[in-house]
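The next block is coords02.csv, given as CSV, C-alpha atoms.
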```csv
chain,number,residue,atom,x,y,z
A,983,MET,CA,96.5,-135.2,9.2
A,984,SER,CA,95.7,-133.1,6.1
A,985,HIS,CA,99.3,-133.7,4.9
A,986,LYS,CA,98.7,-137.5,5.1
A,987,ARG,CA,95.5,-137.1,3.2
A,988,LYS,CA,97.3,-135.1,0.5
A,989,ILE,CA,99.9,-137.9,0.0
A,990,ALA,CA,97.1,-140.5,-0.1
A,991,SER,CA,95.2,-138.6,-2.8
A,992,VAL,CA,98.4,-138.2,-4.8
A,993,LEU,CA,99.1,-141.9,-4.5
A,994,ALA,CA,95.5,-142.7,-5.6
A,995,LEU,CA,96.0,-140.5,-8.6
A,996,LEU,CA,99.2,-142.3,-9.5
A,997,VAL,CA,97.5,-145.7,-9.3
A,998,GLY,CA,94.8,-144.4,-11.5
A,999,ILE,CA,97.2,-143.1,-14.1
A,1000,ALA,CA,99.1,-146.4,-14.0
A,1001,VAL,CA,95.9,-148.4,-14.5
A,1002,SER,CA,94.8,-146.2,-17.4
A,1003,ALA,CA,98.2,-146.5,-19.1
A,1004,ALA,CA,98.1,-150.3,-18.8
A,1005,VAL,CA,94.6,-150.3,-20.4
A,1006,ALA,CA,95.8,-148.0,-23.2
A,1007,GLY,CA,98.8,-150.4,-23.8
A,1008,GLU,CA,96.4,-153.4,-24.0
A,1009,ASN,CA,94.5,-151.7,-26.8
A,1010,ASN,CA,97.5,-151.9,-29.1
A,1011,ALA,CA,98.6,-155.3,-28.1
A,1012,PRO,CA,99.2,-157.9,-30.8
A,1013,PRO,CA,95.9,-159.8,-31.5
A,1014,GLN,CA,95.5,-163.4,-30.7
A,1015,GLN,CA,95.3,-164.5,-34.3
A,1016,LYS,CA,94.4,-168.2,-34.1
A,1017,ILE,CA,91.7,-170.2,-35.7
A,1018,PRO,CA,91.2,-173.3,-33.5
A,1019,LYS,CA,90.6,-176.7,-35.1
A,1020,GLY,CA,86.9,-177.5,-35.4
A,1021,ALA,CA,85.9,-173.8,-35.3
A,1022,LYS,CA,82.5,-173.0,-36.6
A,1023,VAL,CA,82.8,-171.0,-39.8
A,1024,PHE,CA,80.1,-169.3,-41.9
A,1025,VAL,CA,80.9,-168.7,-45.6
A,1026,ALA,CA,79.2,-165.5,-46.7
A,1027,PRO,CA,77.8,-165.3,-50.2
A,1028,ILE,CA,80.5,-164.4,-52.7
A,1029,ALA,CA,80.1,-163.2,-56.3
A,1030,ASN,CA,79.6,-165.9,-59.0
A,1031,GLY,CA,78.7,-168.5,-56.4
A,1032,TYR,CA,82.3,-168.7,-55.3
A,1033,ASP,CA,81.2,-169.6,-51.8
A,1034,SER,CA,80.0,-173.0,-53.1
A,1035,TYR,CA,83.4,-173.7,-54.6
A,1036,LEU,CA,85.0,-172.8,-51.3
A,1037,LYS,CA,82.8,-175.1,-49.2
A,1038,ASP,CA,83.5,-177.9,-51.7
A,1039,ALA,CA,87.2,-177.2,-51.5
A,1040,PHE,CA,87.2,-177.2,-47.7
A,1041,ALA,CA,85.7,-180.7,-47.8
A,1042,LYS,CA,88.1,-181.9,-50.4
A,1043,LYS,CA,91.3,-180.5,-48.8
A,1044,LYS,CA,90.0,-181.7,-45.3
A,1045,VAL,CA,90.3,-178.2,-43.7
A,1046,PRO,CA,89.7,-178.8,-40.0
A,1047,VAL,CA,86.7,-176.4,-39.6
A,1048,GLU,CA,83.0,-176.9,-39.3
A,1049,ILE,CA,80.9,-175.1,-41.9
A,1050,VAL,CA,77.6,-173.8,-40.5
A,1051,ALA,CA,74.6,-172.7,-42.5
A,1052,THR,CA,73.8,-169.4,-40.6
A,1053,ARG,CA,76.0,-166.6,-39.3
A,1054,ASP,CA,74.5,-166.8,-35.8
A,1055,GLN,CA,75.9,-170.3,-35.3
A,1056,ALA,CA,79.4,-169.4,-36.3
A,1057,ASP,CA,82.5,-168.1,-34.6
A,1058,TYR,CA,84.2,-167.0,-37.7
A,1059,GLU,CA,83.0,-165.6,-41.0
A,1060,ILE,CA,84.6,-165.9,-44.5
A,1061,THR,CA,84.0,-163.1,-46.8
A,1062,GLY,CA,85.7,-162.3,-50.1
A,1063,THR,CA,85.5,-161.5,-53.7
A,1064,SER,CA,86.2,-163.5,-56.9
A,1065,GLU,CA,86.5,-162.8,-60.6
A,1066,SER,CA,86.6,-165.2,-63.4
A,1067,GLN,CA,87.3,-164.4,-67.1
A,1068,LYS,CA,86.8,-167.0,-69.7
A,1069,ALA,CA,89.4,-167.2,-72.5
A,1070,SER,CA,88.5,-164.8,-75.3
A,1071,THR,CA,88.8,-165.7,-78.9
A,1072,ALA,CA,91.9,-163.6,-79.2
A,1073,LYS,CA,93.5,-165.5,-76.3
A,1074,LYS,CA,92.6,-168.8,-77.9
A,1075,VAL,CA,93.8,-167.8,-81.4
A,1076,ILE,CA,96.8,-165.6,-80.6
A,1077,MET,CA,98.1,-167.1,-77.3
A,1078,GLY,CA,96.8,-170.6,-77.9
A,1079,ASN,CA,95.4,-170.7,-74.4
A,1080,TRP,CA,91.9,-172.0,-73.6
A,1081,HIS,CA,92.1,-171.6,-69.8
A,1082,SER,CA,90.3,-169.0,-67.8
A,1083,ARG,CA,91.8,-166.2,-65.7
A,1084,GLU,CA,90.9,-166.5,-62.0
A,1085,GLU,CA,91.3,-164.0,-59.3
A,1086,ALA,CA,90.0,-164.3,-55.7
A,1087,SER,CA,90.6,-163.0,-52.3
A,1088,VAL,CA,89.1,-164.2,-49.0
A,1089,THR,CA,89.2,-162.9,-45.5
A,1090,VAL,CA,88.4,-164.9,-42.3
A,1091,SER,CA,87.2,-162.7,-39.4
A,1092,ASN,CA,86.3,-163.4,-35.8
A,1093,ILE,CA,82.6,-162.5,-35.5
A,1094,LYS,CA,82.8,-161.6,-31.8
A,1095,SER,CA,85.8,-159.3,-31.9
A,1096,SER,CA,85.4,-158.4,-35.7
A,1097,GLU,CA,89.1,-158.8,-36.1
A,1098,VAL,CA,90.5,-160.3,-39.3
A,1099,VAL,CA,92.5,-163.4,-38.4
A,1100,TRP,CA,93.5,-164.6,-41.8
A,1101,ALA,CA,93.4,-163.4,-45.4
A,1102,TYR,CA,94.6,-164.8,-48.7
A,1103,SER,CA,94.5,-163.8,-52.3
A,1104,VAL,CA,95.1,-165.9,-55.4
A,1105,HIS,CA,95.7,-165.1,-59.0
A,1106,GLU,CA,95.8,-167.7,-61.8
A,1107,GLU,CA,96.4,-166.5,-65.3
A,1108,ALA,CA,95.5,-169.8,-66.9
A,1109,SER,CA,93.5,-171.8,-64.5
A,1110,THR,CA,93.1,-175.4,-65.6
A,1111,HIS,CA,90.0,-176.1,-63.5
A,1112,GLY,CA,88.7,-172.5,-63.3
A,1113,GLN,CA,87.2,-171.3,-60.0
A,1114,ARG,CA,87.7,-174.8,-58.5
A,1115,SER,CA,91.4,-174.3,-58.7
A,1116,SER,CA,91.5,-171.0,-57.0
A,1117,ALA,CA,89.0,-172.1,-54.2
A,1118,GLU,CA,91.2,-175.1,-53.5
A,1119,ALA,CA,94.3,-172.9,-53.3
A,1120,CYS,CA,92.4,-170.8,-50.6
A,1121,ALA,CA,91.4,-174.0,-48.8
A,1122,LYS,CA,94.9,-175.4,-48.9
A,1123,HIS,CA,96.5,-172.3,-47.4
A,1124,LEU,CA,93.8,-172.0,-44.7
A,1125,LYS,CA,94.5,-175.5,-43.7
A,1126,GLU,CA,98.2,-174.8,-43.5
A,1127,ALA,CA,97.5,-171.7,-41.4
A,1128,ILE,CA,95.3,-173.6,-39.0
A,1129,GLU,CA,97.7,-176.5,-38.6
A,1130,ASN,CA,100.9,-174.5,-38.4
A,1131,GLN,CA,99.6,-172.3,-35.5
A,1132,GLN,CA,98.7,-175.2,-33.3
B,1357,MET,CA,106.1,-129.8,6.8
B,1358,HIS,CA,109.0,-129.1,4.5
B,1359,SER,CA,109.5,-132.8,3.8
B,1360,GLY,CA,105.8,-133.1,3.1
B,1361,LYS,CA,106.1,-130.4,0.4
B,1362,ARG,CA,109.0,-132.2,-1.0
B,1363,SER,CA,107.1,-135.5,-1.2
B,1364,VAL,CA,104.2,-133.8,-3.0
B,1365,PHE,CA,106.6,-132.2,-5.4
B,1366,LEU,CA,108.3,-135.6,-6.1
B,1367,ALA,CA,104.9,-137.2,-6.6
B,1368,LEU,CA,103.9,-134.5,-9.1
B,1369,THR,CA,107.1,-135.0,-11.0
B,1370,LEU,CA,106.5,-138.7,-11.1
B,1371,ILE,CA,103.0,-138.1,-12.5
B,1372,LEU,CA,104.5,-135.9,-15.2
B,1373,CYS,CA,107.1,-138.5,-16.2
B,1374,LEU,CA,104.4,-141.3,-16.3
B,1375,THR,CA,102.1,-139.1,-18.5
B,1376,ILE,CA,104.9,-138.4,-21.0
B,1377,THR,CA,106.0,-142.1,-21.0
B,1378,PHE,CA,102.6,-143.6,-21.6
B,1379,SER,CA,101.2,-141.0,-23.9
B,1380,PRO,CA,100.2,-142.7,-27.3
B,1381,PRO,CA,102.9,-142.5,-30.0
B,1382,ALA,CA,100.4,-140.9,-32.4
B,1383,ALA,CA,100.4,-137.9,-30.2
B,1384,ARG,CA,104.2,-137.8,-30.5
B,1385,SER,CA,104.3,-138.2,-34.3
B,1386,LEU,CA,105.8,-134.8,-34.9
B,1387,THR,CA,109.2,-134.3,-33.6
B,1388,PRO,CA,110.4,-130.7,-33.5
B,1389,GLN,CA,112.8,-131.5,-36.4
B,1390,GLU,CA,110.1,-133.0,-38.5
B,1391,ASN,CA,107.9,-130.0,-37.8
B,1392,ASN,CA,110.6,-127.7,-39.0
B,1393,SER,CA,111.3,-129.8,-42.1
B,1394,THR,CA,107.7,-129.6,-43.2
B,1395,GLN,CA,106.7,-126.1,-42.1
B,1396,ASN,CA,109.8,-124.0,-42.6
B,1397,HIS,CA,109.8,-124.1,-46.4
B,1398,ALA,CA,108.3,-120.6,-46.5
B,1399,LYS,CA,111.1,-119.2,-44.5
B,1400,GLU,CA,113.8,-120.9,-46.5
B,1401,ASP,CA,112.4,-120.0,-49.9
B,1402,PRO,CA,111.7,-116.3,-50.4
B,1403,SER,CA,109.8,-117.0,-53.6
B,1404,GLN,CA,107.1,-118.9,-51.6
B,1405,PRO,CA,104.0,-116.8,-50.7
B,1406,ALA,CA,103.6,-115.6,-47.2
B,1407,VAL,CA,101.7,-117.7,-44.6
B,1408,ALA,CA,98.6,-115.5,-44.9
B,1409,ASP,CA,98.6,-116.1,-48.6
B,1410,GLN,CA,99.1,-119.8,-48.2
B,1411,ALA,CA,96.0,-119.9,-46.0
B,1412,LYS,CA,94.0,-118.6,-48.9
B,1413,GLU,CA,95.3,-121.0,-51.5
B,1414,PRO,CA,94.4,-124.7,-51.4
B,1415,VAL,CA,98.0,-125.8,-50.9
B,1416,SER,CA,98.5,-129.5,-50.2
B,1417,ASN,CA,100.8,-130.7,-47.4
B,1418,LEU,CA,101.4,-134.0,-49.2
B,1419,LYS,CA,105.1,-135.0,-49.7
B,1420,SER,CA,105.8,-137.3,-52.5
B,1421,SER,CA,108.6,-139.9,-52.2
B,1422,ARG,CA,110.7,-141.3,-55.0
B,1423,THR,CA,109.4,-144.8,-55.9
B,1424,ASP,CA,109.2,-146.8,-59.0
B,1425,GLU,CA,105.9,-148.4,-58.2
B,1426,GLY,CA,103.7,-145.4,-57.4
B,1427,GLN,CA,103.3,-142.2,-55.6
B,1428,LEU,CA,103.5,-142.2,-51.8
B,1429,ALA,CA,102.5,-139.3,-49.7
B,1430,THR,CA,102.5,-138.8,-46.0
B,1431,ILE,CA,101.3,-135.7,-44.2
B,1432,ASN,CA,103.7,-134.2,-41.7
B,1433,ASN,CA,105.5,-137.5,-41.5
B,1434,ALA,CA,102.6,-139.0,-39.5
B,1435,LYS,CA,103.0,-142.5,-38.2
B,1436,ILE,CA,100.6,-145.2,-37.1
B,1437,PRO,CA,101.3,-147.1,-33.8
B,1438,SER,CA,101.7,-150.8,-34.3
B,1439,TYR,CA,98.7,-153.0,-33.9
B,1440,SER,CA,96.3,-150.1,-34.3
B,1441,LYS,CA,92.9,-151.1,-35.4
B,1442,VAL,CA,92.2,-150.5,-39.0
B,1443,PHE,CA,89.0,-150.7,-41.0
B,1444,VAL,CA,89.3,-151.2,-44.7
B,1445,ALA,CA,86.2,-149.7,-46.4
B,1446,PRO,CA,84.7,-151.4,-49.4
B,1447,ILE,CA,86.5,-150.5,-52.6
B,1448,SER,CA,85.2,-151.2,-56.1
B,1449,ASP,CA,85.6,-154.8,-57.4
B,1450,GLY,CA,86.3,-156.1,-53.9
B,1451,PHE,CA,89.8,-154.6,-53.9
B,1452,GLU,CA,89.6,-154.2,-50.0
B,1453,ASN,CA,90.0,-158.0,-49.7
B,1454,TYR,CA,93.3,-157.8,-51.7
B,1455,VAL,CA,94.5,-155.0,-49.5
B,1456,ILE,CA,93.7,-157.0,-46.4
B,1457,ALA,CA,95.5,-160.1,-47.8
B,1458,GLY,CA,98.4,-157.8,-48.8
B,1459,LEU,CA,98.6,-156.5,-45.2
B,1460,ARG,CA,98.9,-160.1,-44.0
B,1461,ASN,CA,101.3,-161.2,-46.7
B,1462,LYS,CA,103.6,-158.3,-46.1
B,1463,LYS,CA,103.4,-158.8,-42.3
B,1464,VAL,CA,102.2,-155.3,-41.6
B,1465,PRO,CA,101.7,-155.0,-37.8
B,1466,LEU,CA,98.1,-153.7,-37.9
B,1467,THR,CA,94.9,-155.2,-36.6
B,1468,VAL,CA,92.3,-155.2,-39.3
B,1469,VAL,CA,88.7,-155.1,-38.0
B,1470,MET,CA,85.4,-155.5,-39.9
B,1471,ASP,CA,83.6,-153.0,-37.7
B,1472,ARG,CA,84.3,-149.3,-38.4
B,1473,SER,CA,83.2,-148.3,-34.9
B,1474,LYS,CA,86.0,-150.3,-33.4
B,1475,ALA,CA,88.7,-148.9,-35.6
B,1476,ASP,CA,91.2,-146.1,-35.1
B,1477,TYR,CA,92.0,-145.7,-38.7
B,1478,GLU,CA,90.2,-146.2,-42.0
B,1479,ILE,CA,91.6,-147.2,-45.3
B,1480,SER,CA,89.5,-146.2,-48.3
B,1481,GLY,CA,90.3,-145.8,-52.0
B,1482,VAL,CA,89.5,-146.7,-55.6
B,1483,SER,CA,90.8,-149.3,-58.0
B,1484,ASP,CA,90.6,-150.0,-61.7
B,1485,SER,CA,91.5,-153.0,-63.7
B,1486,GLU,CA,91.9,-153.3,-67.5
B,1487,LYS,CA,92.2,-156.7,-69.1
B,1488,ALA,CA,94.5,-157.3,-72.0
B,1489,GLY,CA,92.7,-156.9,-75.3
B,1490,TRP,CA,93.4,-158.7,-78.6
B,1491,ALA,CA,95.7,-155.9,-79.8
B,1492,LYS,CA,97.9,-156.2,-76.7
B,1493,MET,CA,98.1,-160.0,-77.1
B,1494,LEU,CA,98.8,-159.7,-80.8
B,1495,PHE,CA,101.4,-156.9,-80.9
B,1496,ILE,CA,103.0,-157.2,-77.4
B,1497,GLY,CA,102.3,-160.8,-76.7
B,1498,SER,CA,101.1,-160.1,-73.2
B,1499,GLU,CA,97.9,-161.2,-71.6
B,1500,ASN,CA,98.5,-159.5,-68.3
B,1501,SER,CA,96.2,-156.8,-67.1
B,1502,ASN,CA,96.8,-153.2,-66.2
B,1503,GLU,CA,96.1,-152.3,-62.6
B,1504,GLN,CA,95.7,-149.0,-60.9
B,1505,ALA,CA,94.6,-148.2,-57.4
B,1506,SER,CA,94.8,-145.3,-55.0
B,1507,ILE,CA,94.2,-145.5,-51.2
B,1508,LYS,CA,94.2,-143.1,-48.3
B,1509,ILE,CA,94.3,-143.6,-44.6
B,1510,LEU,CA,92.1,-141.5,-42.4
B,1511,ASP,CA,92.6,-141.0,-38.7
B,1512,LEU,CA,89.0,-141.5,-37.4
B,1513,ARG,CA,89.6,-139.6,-34.2
B,1514,THR,CA,90.8,-136.4,-35.8
B,1515,GLY,CA,89.4,-136.9,-39.3
B,1516,ALA,CA,92.7,-136.1,-40.9
B,1517,VAL,CA,94.1,-137.9,-43.9
B,1518,ILE,CA,97.5,-139.0,-42.8
B,1519,PHE,CA,98.7,-141.1,-45.7
B,1520,GLY,CA,98.0,-141.5,-49.4
B,1521,TYR,CA,99.4,-143.9,-52.0
B,1522,SER,CA,98.6,-144.6,-55.6
B,1523,VAL,CA,99.9,-147.5,-57.7
B,1524,HIS,CA,99.8,-148.2,-61.4
B,1525,LYS,CA,101.0,-151.4,-62.9
B,1526,THR,CA,101.3,-152.1,-66.6
B,1527,ASN,CA,101.3,-155.8,-67.3
B,1528,SER,CA,100.6,-156.9,-63.7
B,1529,VAL,CA,101.6,-160.5,-63.5
B,1530,ARG,CA,99.4,-161.1,-60.4
B,1531,GLY,CA,96.6,-158.7,-61.2
B,1532,LYS,CA,94.9,-157.0,-58.3
B,1533,GLN,CA,97.0,-159.1,-55.9
B,1534,SER,CA,100.1,-157.2,-56.9
B,1535,ALA,CA,98.4,-153.9,-56.5
B,1536,GLY,CA,97.0,-154.8,-53.1
B,1537,GLU,CA,100.5,-155.9,-51.9
B,1538,ALA,CA,102.1,-152.8,-53.2
B,1539,CYS,CA,99.6,-150.7,-51.1
B,1540,ALA,CA,100.3,-152.9,-48.1
B,1541,LYS,CA,104.1,-152.6,-48.5
B,1542,HIS,CA,103.9,-148.8,-48.5
B,1543,ILE,CA,101.5,-148.7,-45.6
B,1544,LYS,CA,104.1,-150.7,-43.6
B,1545,THR,CA,106.6,-147.8,-44.0
B,1546,ILE,CA,104.4,-145.5,-41.8
B,1547,VAL,CA,103.7,-148.1,-39.1
B,1548,LEU,CA,105.8,-147.8,-36.0
B,1549,GLU,CA,107.2,-151.2,-35.2
```
As structure tokens, please, write out the structure in this file.
Amino acid sequence: MSHKRKIASVLALLVGIAVSAAVAGENNAPPQQKIPKGAKVFVAPIANGYDSYLKDAFAKKKVPVEIVATRDQADYEITGTSESQKASTAKKVIMGNWHSREEASVTVSNIKSSEVVWAYSVHEEASTHGQRSSAEACAKHLKEAIENQQ
Amino acid sequence: MHSGKRSVFLALTLILCLTITFSPPAARSLTPQENNSTQNHAKEDPSQPAVADQAKEPVSNLKSSRTDEGQLATINNAKIPSYSKVFVAPISDGFENYVIAGLRNKKVPLTVVMDRSKADYEISGVSDSEKAGWAKMLFIGSENSNEQASIKILDLRTGAVIFGYSVHKTNSVRGKQSAGEACAKHIKTIVLE
């Protein structure tokens, strides 16, 4: 009888190890990186009011997401950074270039899981329409990402 | 009774095999050969100080690799399991966003999280950007910026720095984006796929 009990306890231990190994395997599984169409997105404030340009670009490029005003209502959050440098006198005189230099990088993260699901960075050495151009580049690539994964 | 002992022995062997099979790859990052390659320098080179002397001196375990873009350093050939959760700490001028975008662009198999408490590893660093001045435009005819950045990866469980990389780009065509992608490309080299 004690012998059967021993075997039963060993089997229980084996099952426990197998379950814990499966859980450990799940932790490193590839994430489900998908932004569904119509997802509620909150655009966090970005330097130089770049978030406003992003919202405008989303509307212009018809990105299939819903922009919400507060973070609590959202499923996803867009954070990022941007930098704009107007053409200096030297650039205008020596290079003959009046356009600004734009740099931006945005990240879309799932608020629940806090996983980053999409990220993009843009650099324009001579941006014709300044921050608007870089924001539209971000919007265009986000739209592609959403539509291509469906 | 004899067969009972044998079954218990078989079960224990099975447990041992399962434990070895499912143990996380990070725990197996050091193969015996790798250990030897990094730790037997003192034995091979008689001019090196003894082990006791090395403990007194702040000697780094960093190993530099030959690369044109920057300096790469891994400690004891440590590797990161694929799809590990990584937190990118804020870096000056928002450079962390460029690193995250670079990780995605270079298809590095890591999961970036925004919450440090959910992460296994942390990427932190510094970055600096220098815009082209009038002299550079006049004499060199270049309006590209100079970029430099340095990052390190910290294992949050052990607190050990397992990877370091620094990049310097003169006349960076894509500015911080180029530097962020260079960091991501080199991070990919230590991720187990």
Could you work out how far atom CA of B:Met1470 lies from atom CA of B:Gly1520, giving the answer in Å with one decimal?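 So the answer is 21.1 Å.
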I need the residue nearest A:Ala1108 from this list: A:Ser1087, A:Ser1096, A:Ser1066, A:Thr1061. Use all atoms listed in the file for the distance.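 Answer, going by the shortest atom-to-atom distance: A:Ser1066.
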Using all atoms listed in the file, which of the listed residues (B:Asp1484, B:Glu1537, B:Glu1478, B:Asp1511) sits closest to chain A?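 So, comparing all the options, the nearest one is B:Glu1537.
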Give the residues of chain B that lie within 6 Å of chain A; count all atoms listed in the file, and format the answer as a list of chain:residue names.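 Using all atoms listed in the file, chain B residues at most 6 Å from chain A: B:Phe1378, B:Tyr1439, B:Ser1440, B:Gly1450, B:Asn1453, B:Tyr1454, B:Ala1457, B:Val1468, B:Val1469, B:Met1470, B:Trp1490, B:Arg1530.
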At what distance in Å, to one decimal, does atom CA of B:Lys1525 lie from atom CA of B:Ile1546?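 Rounded to one decimal, the two atoms are 22.2 Å apart.
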Calculated over all atoms listed in the file, which of the candidates B:Arg1513, B:Lys1487, B:Lys1435, B:Lys1508 has the smallest distance to B:Asn1527? B:Lys1487
Shell around B:Phe1451 at 8 Å using only C-alpha atoms, local window under 6 positions removed, as an mmCIF file with C-alpha atoms, in the coordinates of the input:
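The new file selection.cif reads:
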```cif
data_model
loop_
_atom_site.group_PDB
_atom_site.id
_atom_site.type_symbol
_atom_site.label_atom_id
_atom_site.label_comp_id
_atom_site.auth_asym_id
_atom_site.auth_seq_id
_atom_site.Cartn_x
_atom_site.Cartn_y
_atom_site.Cartn_z
ATOM 1 C CA SER B 1483 90.800 -149.300 -58.000
ATOM 2 C CA LYS B 1532 94.900 -157.000 -58.300
ATOM 3 C CA GLY B 1536 97.000 -154.800 -53.100
#
```
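Look at A:Ser1115: the protein and nucleic acid residues within 10 Å of it, using all atoms listed in the file and passing over chain neighbours fewer than 2 places away, are Tyr1035, Leu1036, Ala1039, Glu1084, Val1104, Glu1106, Ser1109, Thr1110, His1111, Gly1112, Gln1113, Ala1117, Glu1118, Ala1119, Cys1120 and Ala1121 of chain A.
Between atom CA of B:His1542 and atom CA of B:Ser1522 there is a distance of 9.8 Å.
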